[in-house]
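K.L.:
As input, take entry32.cif (mmCIF, C-alpha atoms):
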data_my_file
loop_
_atom_site.group_PDB
_atom_site.id
_atom_site.type_symbol
_atom_site.label_atom_id
_atom_site.label_comp_id
_atom_site.auth_asym_id
_atom_site.auth_seq_id
_atom_site.Cartn_x
_atom_site.Cartn_y
_atom_site.Cartn_z
ATOM 1 C CA MET V 1 -22.221 -54.615 14.864
ATOM 2 C CA GLN V 2 -19.932 -52.005 13.335
ATOM 3 C CA MET V 3 -20.882 -48.975 11.248
ATOM 4 C CA ILE V 4 -18.522 -46.983 9.035
ATOM 5 C CA CYS V 5 -19.505 -43.312 8.628
ATOM 6 C CA LEU V 6 -17.880 -41.372 5.792
ATOM 7 C CA ASP V 7 -18.004 -37.783 4.654
ATOM 8 C CA LEU V 8 -18.805 -37.351 0.947
ATOM 9 C CA GLU V 9 -17.162 -34.306 -0.651
ATOM 10 C CA GLY V 10 -13.383 -34.429 -0.586
ATOM 11 C CA VAL V 11 -13.534 -38.061 0.545
ATOM 12 C CA LEU V 12 -15.484 -39.914 -2.156
ATOM 13 C CA VAL V 13 -16.323 -37.190 -4.677
ATOM 14 C CA PRO V 14 -14.765 -33.826 -5.611
ATOM 15 C CA GLU V 15 -15.812 -30.691 -3.769
ATOM 16 C CA ILE V 16 -18.927 -29.635 -5.678
ATOM 17 C CA TRP V 17 -18.602 -25.929 -4.944
ATOM 18 C CA ILE V 18 -14.951 -25.873 -6.040
ATOM 19 C CA GLU V 19 -15.893 -27.434 -9.374
ATOM 20 C CA PHE V 20 -18.758 -24.999 -9.790
ATOM 21 C CA ALA V 21 -16.456 -22.079 -8.939
ATOM 22 C CA LYS V 22 -14.060 -23.140 -11.714
ATOM 23 C CA ARG V 23 -16.774 -23.545 -14.328
ATOM 24 C CA SER V 24 -18.719 -20.420 -13.389
ATOM 25 C CA GLY V 25 -15.625 -18.227 -13.124
ATOM 26 C CA ILE V 26 -16.572 -17.111 -9.586
ATOM 27 C CA PRO V 27 -13.539 -17.946 -7.419
ATOM 28 C CA GLU V 28 -15.291 -16.895 -4.189
ATOM 29 C CA LEU V 29 -17.550 -19.949 -4.523
ATOM 30 C CA ALA V 30 -14.512 -22.195 -3.993
ATOM 31 C CA ARG V 31 -14.638 -21.457 -0.269
ATOM 32 C CA THR V 32 -15.512 -24.669 1.624
ATOM 33 C CA THR V 33 -15.678 -26.035 5.161
ATOM 34 C CA ARG V 34 -11.923 -26.453 4.943
ATOM 35 C CA ASP V 35 -11.794 -22.624 5.014
ATOM 36 C CA GLU V 36 -14.909 -21.671 7.015
ATOM 37 C CA PRO V 37 -15.928 -23.858 9.984
ATOM 38 C CA ASP V 38 -19.312 -22.102 10.446
ATOM 39 C CA TYR V 39 -21.500 -23.953 7.941
ATOM 40 C CA ASP V 40 -24.506 -21.618 8.197
ATOM 41 C CA LYS V 41 -22.258 -18.623 7.558
ATOM 42 C CA LEU V 42 -20.671 -20.406 4.584
ATOM 43 C CA MET V 43 -24.019 -21.311 3.004
ATOM 44 C CA ASP V 44 -25.432 -17.808 3.465
ATOM 45 C CA PHE V 45 -22.310 -16.500 1.705
ATOM 46 C CA ARG V 46 -22.764 -18.961 -1.174
ATOM 47 C CA ILE V 47 -26.468 -18.269 -1.627
ATOM 48 C CA GLY V 48 -25.760 -14.556 -1.667
ATOM 49 C CA LEU V 49 -23.210 -15.027 -4.443
ATOM 50 C CA LEU V 50 -25.623 -17.171 -6.460
ATOM 51 C CA ALA V 51 -28.263 -14.433 -6.221
ATOM 52 C CA GLN V 52 -25.739 -11.736 -7.124
ATOM 53 C CA HIS V 53 -24.725 -13.603 -10.284
ATOM 54 C CA ARG V 54 -28.288 -14.757 -11.107
ATOM 55 C CA LEU V 55 -27.356 -18.433 -11.006
ATOM 56 C CA LYS V 56 -30.067 -21.044 -10.524
ATOM 57 C CA LEU V 57 -30.124 -24.516 -9.015
ATOM 58 C CA THR V 58 -30.174 -25.958 -12.541
ATOM 59 C CA ASP V 59 -26.862 -24.222 -13.275
ATOM 60 C CA ILE V 60 -25.242 -26.068 -10.359
ATOM 61 C CA GLN V 61 -26.909 -29.364 -11.259
ATOM 62 C CA ALA V 62 -25.549 -29.101 -14.801
ATOM 63 C CA VAL V 63 -22.013 -29.002 -13.383
ATOM 64 C CA ILE V 64 -22.664 -31.933 -11.042
ATOM 65 C CA ALA V 65 -24.019 -34.001 -13.927
ATOM 66 C CA GLY V 66 -20.552 -33.859 -15.493
ATOM 67 C CA MET V 67 -18.711 -34.913 -12.339
ATOM 68 C CA GLY V 68 -17.743 -38.364 -11.112
ATOM 69 C CA PRO V 69 -16.320 -39.981 -7.975
ATOM 70 C CA LEU V 70 -12.667 -39.485 -7.083
ATOM 71 C CA ASP V 71 -10.236 -42.025 -8.565
ATOM 72 C CA GLY V 72 -10.533 -45.262 -6.622
ATOM 73 C CA ALA V 73 -13.532 -44.106 -4.580
ATOM 74 C CA LYS V 74 -16.028 -46.616 -5.918
ATOM 75 C CA ALA V 75 -13.699 -49.598 -5.425
ATOM 76 C CA PHE V 76 -12.897 -48.380 -1.903
ATOM 77 C CA LEU V 77 -16.574 -47.985 -1.067
ATOM 78 C CA ASP V 78 -17.535 -51.303 -2.669
ATOM 79 C CA ASP V 79 -14.934 -53.079 -0.550
ATOM 80 C CA LEU V 80 -16.141 -51.445 2.671
ATOM 81 C CA ARG V 81 -19.784 -52.202 1.887
ATOM 82 C CA SER V 82 -18.954 -55.870 1.310
ATOM 83 C CA ARG V 83 -17.585 -56.138 4.858
ATOM 84 C CA TYR V 84 -19.284 -53.436 6.969
ATOM 85 C CA GLN V 85 -22.429 -51.403 7.235
ATOM 86 C CA VAL V 86 -21.607 -48.004 5.654
ATOM 87 C CA LEU V 87 -23.393 -44.661 6.021
ATOM 88 C CA ILE V 88 -22.514 -41.443 4.145
ATOM 89 C CA LEU V 89 -22.927 -38.352 6.330
ATOM 90 C CA SER V 90 -22.636 -35.134 4.359
ATOM 91 C CA ASP V 91 -23.388 -31.437 4.534
ATOM 92 C CA THR V 92 -24.298 -31.429 0.858
ATOM 93 C CA PHE V 93 -27.913 -31.411 -0.368
ATOM 94 C CA TYR V 94 -30.144 -34.079 -1.883
ATOM 95 C CA GLU V 95 -30.722 -31.709 -4.819
ATOM 96 C CA PHE V 96 -26.973 -31.956 -5.588
ATOM 97 C CA ALA V 97 -26.086 -35.509 -4.680
ATOM 98 C CA GLN V 98 -28.270 -37.761 -6.835
ATOM 99 C CA PRO V 99 -26.037 -38.019 -9.949
ATOM 100 C CA LEU V 100 -23.027 -38.838 -7.778
ATOM 101 C CA MET V 101 -24.928 -41.367 -5.648
ATOM 102 C CA ARG V 102 -25.997 -43.141 -8.820
ATOM 103 C CA GLN V 103 -22.356 -43.576 -9.836
ATOM 104 C CA LEU V 104 -21.525 -44.958 -6.378
ATOM 105 C CA VAL V 105 -24.436 -47.465 -6.644
ATOM 106 C CA TRP V 106 -26.711 -45.707 -4.172
ATOM 107 C CA PRO V 107 -25.045 -45.875 -0.764
ATOM 108 C CA THR V 108 -27.229 -44.610 2.074
ATOM 109 C CA LEU V 109 -26.828 -40.829 2.367
ATOM 110 C CA LEU V 110 -27.952 -38.461 5.112
ATOM 111 C CA CYS V 111 -27.629 -34.787 4.158
ATOM 112 C CA HIS V 112 -29.657 -31.559 3.910
ATOM 113 C CA GLN V 113 -32.126 -29.842 1.576
ATOM 114 C CA LEU V 114 -32.432 -26.569 -0.331
ATOM 115 C CA GLU V 115 -35.456 -24.317 -0.684
ATOM 116 C CA VAL V 116 -35.837 -23.033 -4.241
ATOM 117 C CA ASP V 117 -38.283 -20.372 -5.454
ATOM 118 C CA ALA V 118 -40.650 -20.650 -8.425
ATOM 119 C CA ASP V 119 -37.983 -19.244 -10.746
ATOM 120 C CA GLY V 120 -35.368 -21.819 -9.705
ATOM 121 C CA PHE V 121 -33.218 -19.600 -7.477
ATOM 122 C CA VAL V 122 -31.935 -21.012 -4.182
ATOM 123 C CA GLN V 123 -33.533 -19.125 -1.303
ATOM 124 C CA ARG V 124 -32.100 -20.865 1.734
ATOM 125 C CA HIS V 125 -30.584 -24.067 3.035
ATOM 126 C CA VAL V 126 -32.506 -26.289 5.422
ATOM 127 C CA LEU V 127 -30.333 -28.328 7.769
ATOM 128 C CA ARG V 128 -31.617 -31.689 8.948
ATOM 129 C CA GLN V 129 -30.272 -30.452 12.279
ATOM 130 C CA PRO V 130 -27.168 -28.516 13.299
ATOM 131 C CA ASP V 131 -24.080 -30.718 13.695
ATOM 132 C CA GLN V 132 -26.015 -33.629 12.188
ATOM 133 C CA LYS V 133 -22.925 -35.790 11.705
ATOM 134 C CA ARG V 134 -22.075 -35.846 15.398
ATOM 135 C CA HIS V 135 -25.713 -36.404 16.376
ATOM 136 C CA THR V 136 -25.973 -39.306 13.924
ATOM 137 C CA VAL V 137 -22.883 -40.994 15.354
ATOM 138 C CA ASN V 138 -24.216 -40.560 18.885
ATOM 139 C CA ALA V 139 -27.561 -42.050 17.812
ATOM 140 C CA LEU V 140 -25.798 -45.037 16.263
ATOM 141 C CA ARG V 141 -23.801 -45.543 19.458
ATOM 142 C CA SER V 142 -27.046 -45.495 21.457
ATOM 143 C CA LEU V 143 -28.163 -48.414 19.245
ATOM 144 C CA ASN V 144 -25.008 -50.315 20.271
ATOM 145 C CA PHE V 145 -23.137 -49.845 16.999
ATOM 146 C CA GLN V 146 -19.381 -49.520 17.146
ATOM 147 C CA VAL V 147 -18.749 -46.500 14.921
ATOM 148 C CA ILE V 148 -15.642 -45.787 12.841
ATOM 149 C CA ALA V 149 -15.661 -42.469 10.968
ATOM 150 C CA ALA V 150 -13.553 -40.697 8.356
ATOM 151 C CA GLY V 151 -13.623 -37.160 6.935
ATOM 152 C CA ASP V 152 -11.429 -34.318 5.767
ATOM 153 C CA SER V 153 -12.810 -30.994 7.042
ATOM 154 C CA TYR V 154 -13.721 -28.889 10.065
ATOM 155 C CA ASN V 155 -17.334 -30.028 9.869
ATOM 156 C CA ASP V 156 -16.237 -33.664 10.227
ATOM 157 C CA THR V 157 -14.434 -33.240 13.543
ATOM 158 C CA GLY V 158 -17.582 -33.581 15.664
ATOM 159 C CA MET V 159 -18.321 -36.883 13.916
ATOM 160 C CA LEU V 160 -14.742 -38.099 14.327
ATOM 161 C CA GLY V 161 -14.698 -37.184 17.997
ATOM 162 C CA ALA V 162 -18.014 -38.897 18.711
ATOM 163 C CA ALA V 163 -17.014 -42.139 16.957
ATOM 164 C CA HIS V 164 -15.188 -44.989 18.660
ATOM 165 C CA ALA V 165 -12.397 -44.322 16.141
ATOM 166 C CA GLY V 166 -12.019 -41.360 13.791
ATOM 167 C CA PHE V 167 -9.594 -40.696 10.934
ATOM 168 C CA PHE V 168 -8.762 -37.892 8.543
ATOM 169 C CA ILE V 169 -8.204 -38.707 4.882
ATOM 170 C CA HIS V 170 -6.037 -36.237 2.897
ATOM 171 C CA PRO V 171 -7.000 -33.188 5.033
ATOM 172 C CA PRO V 172 -5.394 -29.751 4.644
ATOM 173 C CA GLN V 173 -2.398 -29.161 6.891
ATOM 174 C CA ALA V 174 -4.119 -26.423 8.889
ATOM 175 C CA ILE V 175 -6.771 -28.879 10.041
ATOM 176 C CA VAL V 176 -4.170 -31.537 10.871
ATOM 177 C CA GLU V 177 -2.394 -29.032 13.097
ATOM 178 C CA GLN V 178 -5.607 -27.919 14.790
ATOM 179 C CA PHE V 179 -6.870 -31.452 15.458
ATOM 180 C CA PRO V 180 -3.784 -33.595 16.136
ATOM 181 C CA GLN V 181 -5.855 -36.197 18.000
ATOM 182 C CA PHE V 182 -7.150 -37.694 14.747
ATOM 183 C CA PRO V 183 -4.777 -39.983 12.783
ATOM 184 C CA VAL V 184 -4.154 -38.880 9.187
ATOM 185 C CA THR V 185 -4.405 -41.169 6.155
ATOM 186 C CA ARG V 186 -3.373 -40.113 2.654
ATOM 187 C CA SER V 187 -4.952 -42.790 0.445
ATOM 188 C CA TYR V 188 -7.865 -45.208 0.332
ATOM 189 C CA ALA V 189 -5.436 -48.060 1.003
ATOM 190 C CA GLU V 190 -4.184 -46.344 4.175
ATOM 191 C CA LEU V 191 -7.727 -45.572 5.304
ATOM 192 C CA THR V 192 -8.874 -49.149 4.683
ATOM 193 C CA THR V 193 -5.974 -50.443 6.775
ATOM 194 C CA ALA V 194 -6.789 -47.967 9.567
ATOM 195 C CA ILE V 195 -10.492 -48.898 9.533
ATOM 196 C CA ASP V 196 -9.759 -52.629 9.600
ATOM 197 C CA ALA V 197 -7.293 -52.230 12.472
ATOM 198 C CA ALA V 198 -9.776 -50.138 14.459
ATOM 199 C CA ALA V 199 -12.554 -52.650 13.783
ATOM 200 C CA GLN V 200 -10.373 -55.511 14.987
ATOM 201 C CA ARG V 201 -9.406 -53.568 18.107
ATOM 202 C CA LEU V 202 -13.037 -52.743 18.906
ATOM 203 C CA ARG V 203 -14.051 -56.381 18.530
ATOM 204 C CA GLY V 204 -11.567 -57.147 21.262
#
Translate this file's structure into structure tokens.

P.N.:
Amino acid sequence: MQMICLDLEGVLVPEIWIEFAKRSGIPELARTTRDEPDYDKLMDFRIGLLAQHRLKLTDIQAVIAGMGPLDGAKAFLDDLRSRYQVLILSDTFYEFAQPLMRQLVWPTLLCHQLEVDADGFVQRHVLRQPDQKRHTVNALRSLNFQVIAAGDSYNDTGMLGAAHAGFFIHPPQAIVEQFPQFPVTRSYAELTTAIDAAAQRLRG
């Protein structure tokens, strides 16, 4: 049995924090895991900015409600789900993801949670566990799944390395140069071809 593990933001949907940065007029919030590999440090930075600007969870959710999947993402995902088991592994939060998951017809998503105070301000992020993507892939392998993974950022490299086959999809050049061991795809068509070839190879 084969399992496809995909990152969410930058792969199937736009980067939520980048969109929120544009709409809120706070460019510092556009910093993502493509820029900062330490996810805890990144989230502490973001939560501090939200507090500084008195922005609530509902302000972020209002932006997400107006977003949709990337062009071609739903068709790509529908095709994969018709032929493979597919799992979305993301460092986003359930409080953010629901409107986007609805538009993708509810694929299975493993991500994190936020703690919000009585006034609606984000207090802290609660990770399912550190490096959850890599741990999930290793758990799937222990269940005798053949795992093929795809992502675009620093925080995907543990997942890609743990999988039987791992691919980047439209990553920034700095990450390509730092992790040359992972093949690069630039479109859903290229990634589908790479996944199918890896799946065939793994079947022997």

K.L.:
Using only C-alpha atoms, which protein or nucleic acid residues come within 10 Å of Ile169 in chain V? Drop anything in the same chain fewer than 6 positions from it, and give the result as number ranges by chain.

P.N.:
V: 7, 10-11, 150-153, 182-188, 190-191

K.L.:
If you measure from CA of Gln2 in chain V to CA of Arg83 in chain V, what distance in Å do you get, rounded to one decimal?

P.N.:
9.7 Å

K.L.:
Step by step, work through what the PyMOL selection byres ((chain V and resi 115-128) around 12) selects in the shown file, and finish by giving those residues as number ranges by chain.

P.N.:
V: 39-61, 89-95, 110-114, 129-133, 135-136

K.L.:
Any chance you can output those residues with C-alpha atoms as a PDB file, in the coordinates of the input?

P.N.:
ATOM      1  CA  TYR V  39     -21.500 -23.953   7.941  1.00  0.00           C
ATOM      2  CA  ASP V  40     -24.506 -21.618   8.197  1.00  0.00           C
ATOM      3  CA  LYS V  41     -22.258 -18.623   7.558  1.00  0.00           C
ATOM      4  CA  LEU V  42     -20.671 -20.406   4.584  1.00  0.00           C
ATOM      5  CA  MET V  43     -24.019 -21.311   3.004  1.00  0.00           C
ATOM      6  CA  ASP V  44     -25.432 -17.808   3.465  1.00  0.00           C
ATOM      7  CA  PHE V  45     -22.310 -16.500   1.705  1.00  0.00           C
ATOM      8  CA  ARG V  46     -22.764 -18.961  -1.174  1.00  0.00           C
ATOM      9  CA  ILE V  47     -26.468 -18.269  -1.627  1.00  0.00           C
ATOM     10  CA  GLY V  48     -25.760 -14.556  -1.667  1.00  0.00           C
ATOM     11  CA  LEU V  49     -23.210 -15.027  -4.443  1.00  0.00           C
ATOM     12  CA  LEU V  50     -25.623 -17.171  -6.460  1.00  0.00           C
ATOM     13  CA  ALA V  51     -28.263 -14.433  -6.221  1.00  0.00           C
ATOM     14  CA  GLN V  52     -25.739 -11.736  -7.124  1.00  0.00           C
ATOM     15  CA  HIS V  53     -24.725 -13.603 -10.284  1.00  0.00           C
ATOM     16  CA  ARG V  54     -28.288 -14.757 -11.107  1.00  0.00           C
ATOM     17  CA  LEU V  55     -27.356 -18.433 -11.006  1.00  0.00           C
ATOM     18  CA  LYS V  56     -30.067 -21.044 -10.524  1.00  0.00           C
ATOM     19  CA  LEU V  57     -30.124 -24.516  -9.015  1.00  0.00           C
ATOM     20  CA  THR V  58     -30.174 -25.958 -12.541  1.00  0.00           C
ATOM     21  CA  ASP V  59     -26.862 -24.222 -13.275  1.00  0.00           C
ATOM     22  CA  ILE V  60     -25.242 -26.068 -10.359  1.00  0.00           C
ATOM     23  CA  GLN V  61     -26.909 -29.364 -11.259  1.00  0.00           C
ATOM     24  CA  LEU V  89     -22.927 -38.352   6.330  1.00  0.00           C
ATOM     25  CA  SER V  90     -22.636 -35.134   4.359  1.00  0.00           C
ATOM     26  CA  ASP V  91     -23.388 -31.437   4.534  1.00  0.00           C
ATOM     27  CA  THR V  92     -24.298 -31.429   0.858  1.00  0.00           C
ATOM     28  CA  PHE V  93     -27.913 -31.411  -0.368  1.00  0.00           C
ATOM     29  CA  TYR V  94     -30.144 -34.079  -1.883  1.00  0.00           C
ATOM     30  CA  GLU V  95     -30.722 -31.709  -4.819  1.00  0.00           C
ATOM     31  CA  LEU V 110     -27.952 -38.461   5.112  1.00  0.00           C
ATOM     32  CA  CYS V 111     -27.629 -34.787   4.158  1.00  0.00           C
ATOM     33  CA  HIS V 112     -29.657 -31.559   3.910  1.00  0.00           C
ATOM     34  CA  GLN V 113     -32.126 -29.842   1.576  1.00  0.00           C
ATOM     35  CA  LEU V 114     -32.432 -26.569  -0.331  1.00  0.00           C
ATOM     36  CA  GLN V 129     -30.272 -30.452  12.279  1.00  0.00           C
ATOM     37  CA  PRO V 130     -27.168 -28.516  13.299  1.00  0.00           C
ATOM     38  CA  ASP V 131     -24.080 -30.718  13.695  1.00  0.00           C
ATOM     39  CA  GLN V 132     -26.015 -33.629  12.188  1.00  0.00           C
ATOM     40  CA  LYS V 133     -22.925 -35.790  11.705  1.00  0.00           C
ATOM     41  CA  HIS V 135     -25.713 -36.404  16.376  1.00  0.00           C
ATOM     42  CA  THR V 136     -25.973 -39.306  13.924  1.00  0.00           C
TER      43      THR V 136
END

K.L.:
Just the number, please: distance in Å from CA of Arg141 in chain V to CA of Thr192 in chain V, one decimal.

P.N.:
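Going from CA of Arg141 in chain V over to CA of Thr192 in chain V, I get 21.3 Å.
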
K.L.:
List, as a ChimeraX atom specification, every residue that the PyMOL selection byres ((chain V and resi 21-35) around 7) selects in the file provided.

P.N.:
/V:17-20,36-37,39,46,153-155

K.L.:
Counting all atoms listed in the file, which of V:Leu104, V:Leu202, V:Ala197, V:Val176 gets nearest to Phe145 in chain V?

P.N.:
V:Leu202

K.L.:
CA of His170 in chain V and CA of Pro69 in chain V, how far apart in Å?

P.N.:
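Between CA of Pro69 in chain V and CA of His170 in chain V the gap is 15.4 Å.
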
K.L.:
How about completing range 68-82 of chain V with N, CA and C atoms and giving it to me as a PDB file, keeping the file's coordinate frame?

P.N.:
ATOM      1  N   GLY V  68     -17.742 -36.958 -11.511  1.00  0.00           N
ATOM      2  CA  GLY V  68     -17.743 -38.364 -11.112  1.00  0.00           C
ATOM      3  C   GLY V  68     -17.021 -38.529  -9.793  1.00  0.00           C
ATOM      4  N   PRO V  69     -17.049 -39.724  -9.222  1.00  0.00           N
ATOM      5  CA  PRO V  69     -16.320 -39.981  -7.975  1.00  0.00           C
ATOM      6  C   PRO V  69     -14.824 -39.763  -8.148  1.00  0.00           C
ATOM      7  N   LEU V  70     -14.122 -39.559  -7.054  1.00  0.00           N
ATOM      8  CA  LEU V  70     -12.667 -39.485  -7.083  1.00  0.00           C
ATOM      9  C   LEU V  70     -12.089 -40.828  -7.533  1.00  0.00           C
ATOM     10  N   ASP V  71     -10.884 -40.797  -8.102  1.00  0.00           N
ATOM     11  CA  ASP V  71     -10.236 -42.025  -8.565  1.00  0.00           C
ATOM     12  C   ASP V  71     -10.118 -43.023  -7.413  1.00  0.00           C
ATOM     13  N   GLY V  72     -10.626 -44.213  -7.629  1.00  0.00           N
ATOM     14  CA  GLY V  72     -10.533 -45.262  -6.622  1.00  0.00           C
ATOM     15  C   GLY V  72     -11.644 -45.258  -5.599  1.00  0.00           C
ATOM     16  N   ALA V  73     -12.509 -44.234  -5.620  1.00  0.00           N
ATOM     17  CA  ALA V  73     -13.532 -44.106  -4.580  1.00  0.00           C
ATOM     18  C   ALA V  73     -14.555 -45.240  -4.640  1.00  0.00           C
ATOM     19  N   LYS V  74     -14.993 -45.588  -5.821  1.00  0.00           N
ATOM     20  CA  LYS V  74     -16.028 -46.616  -5.918  1.00  0.00           C
ATOM     21  C   LYS V  74     -15.498 -47.964  -5.448  1.00  0.00           C
ATOM     22  N   ALA V  75     -14.279 -48.326  -5.862  1.00  0.00           N
ATOM     23  CA  ALA V  75     -13.699 -49.598  -5.425  1.00  0.00           C
ATOM     24  C   ALA V  75     -13.514 -49.617  -3.914  1.00  0.00           C
ATOM     25  N   PHE V  76     -13.049 -48.502  -3.358  1.00  0.00           N
ATOM     26  CA  PHE V  76     -12.897 -48.380  -1.903  1.00  0.00           C
ATOM     27  C   PHE V  76     -14.234 -48.581  -1.204  1.00  0.00           C
ATOM     28  N   LEU V  77     -15.263 -47.891  -1.690  1.00  0.00           N
ATOM     29  CA  LEU V  77     -16.574 -47.985  -1.067  1.00  0.00           C
ATOM     30  C   LEU V  77     -17.174 -49.372  -1.251  1.00  0.00           C
ATOM     31  N   ASP V  78     -17.025 -49.952  -2.428  1.00  0.00           N
ATOM     32  CA  ASP V  78     -17.535 -51.303  -2.669  1.00  0.00           C
ATOM     33  C   ASP V  78     -16.917 -52.301  -1.697  1.00  0.00           C
ATOM     34  N   ASP V  79     -15.618 -52.174  -1.481  1.00  0.00           N
ATOM     35  CA  ASP V  79     -14.934 -53.079  -0.550  1.00  0.00           C
ATOM     36  C   ASP V  79     -15.478 -52.912   0.870  1.00  0.00           C
ATOM     37  N   LEU V  80     -15.606 -51.671   1.316  1.00  0.00           N
ATOM     38  CA  LEU V  80     -16.141 -51.445   2.671  1.00  0.00           C
ATOM     39  C   LEU V  80     -17.549 -52.006   2.809  1.00  0.00           C
ATOM     40  N   ARG V  81     -18.388 -51.762   1.810  1.00  0.00           N
ATOM     41  CA  ARG V  81     -19.784 -52.202   1.887  1.00  0.00           C
ATOM     42  C   ARG V  81     -19.915 -53.723   1.858  1.00  0.00           C
ATOM     43  N   SER V  82     -18.913 -54.403   1.322  1.00  0.00           N
ATOM     44  CA  SER V  82     -18.954 -55.870   1.310  1.00  0.00           C
ATOM     45  C   SER V  82     -18.640 -56.459   2.680  1.00  0.00           C
TER      46      SER V  82
END
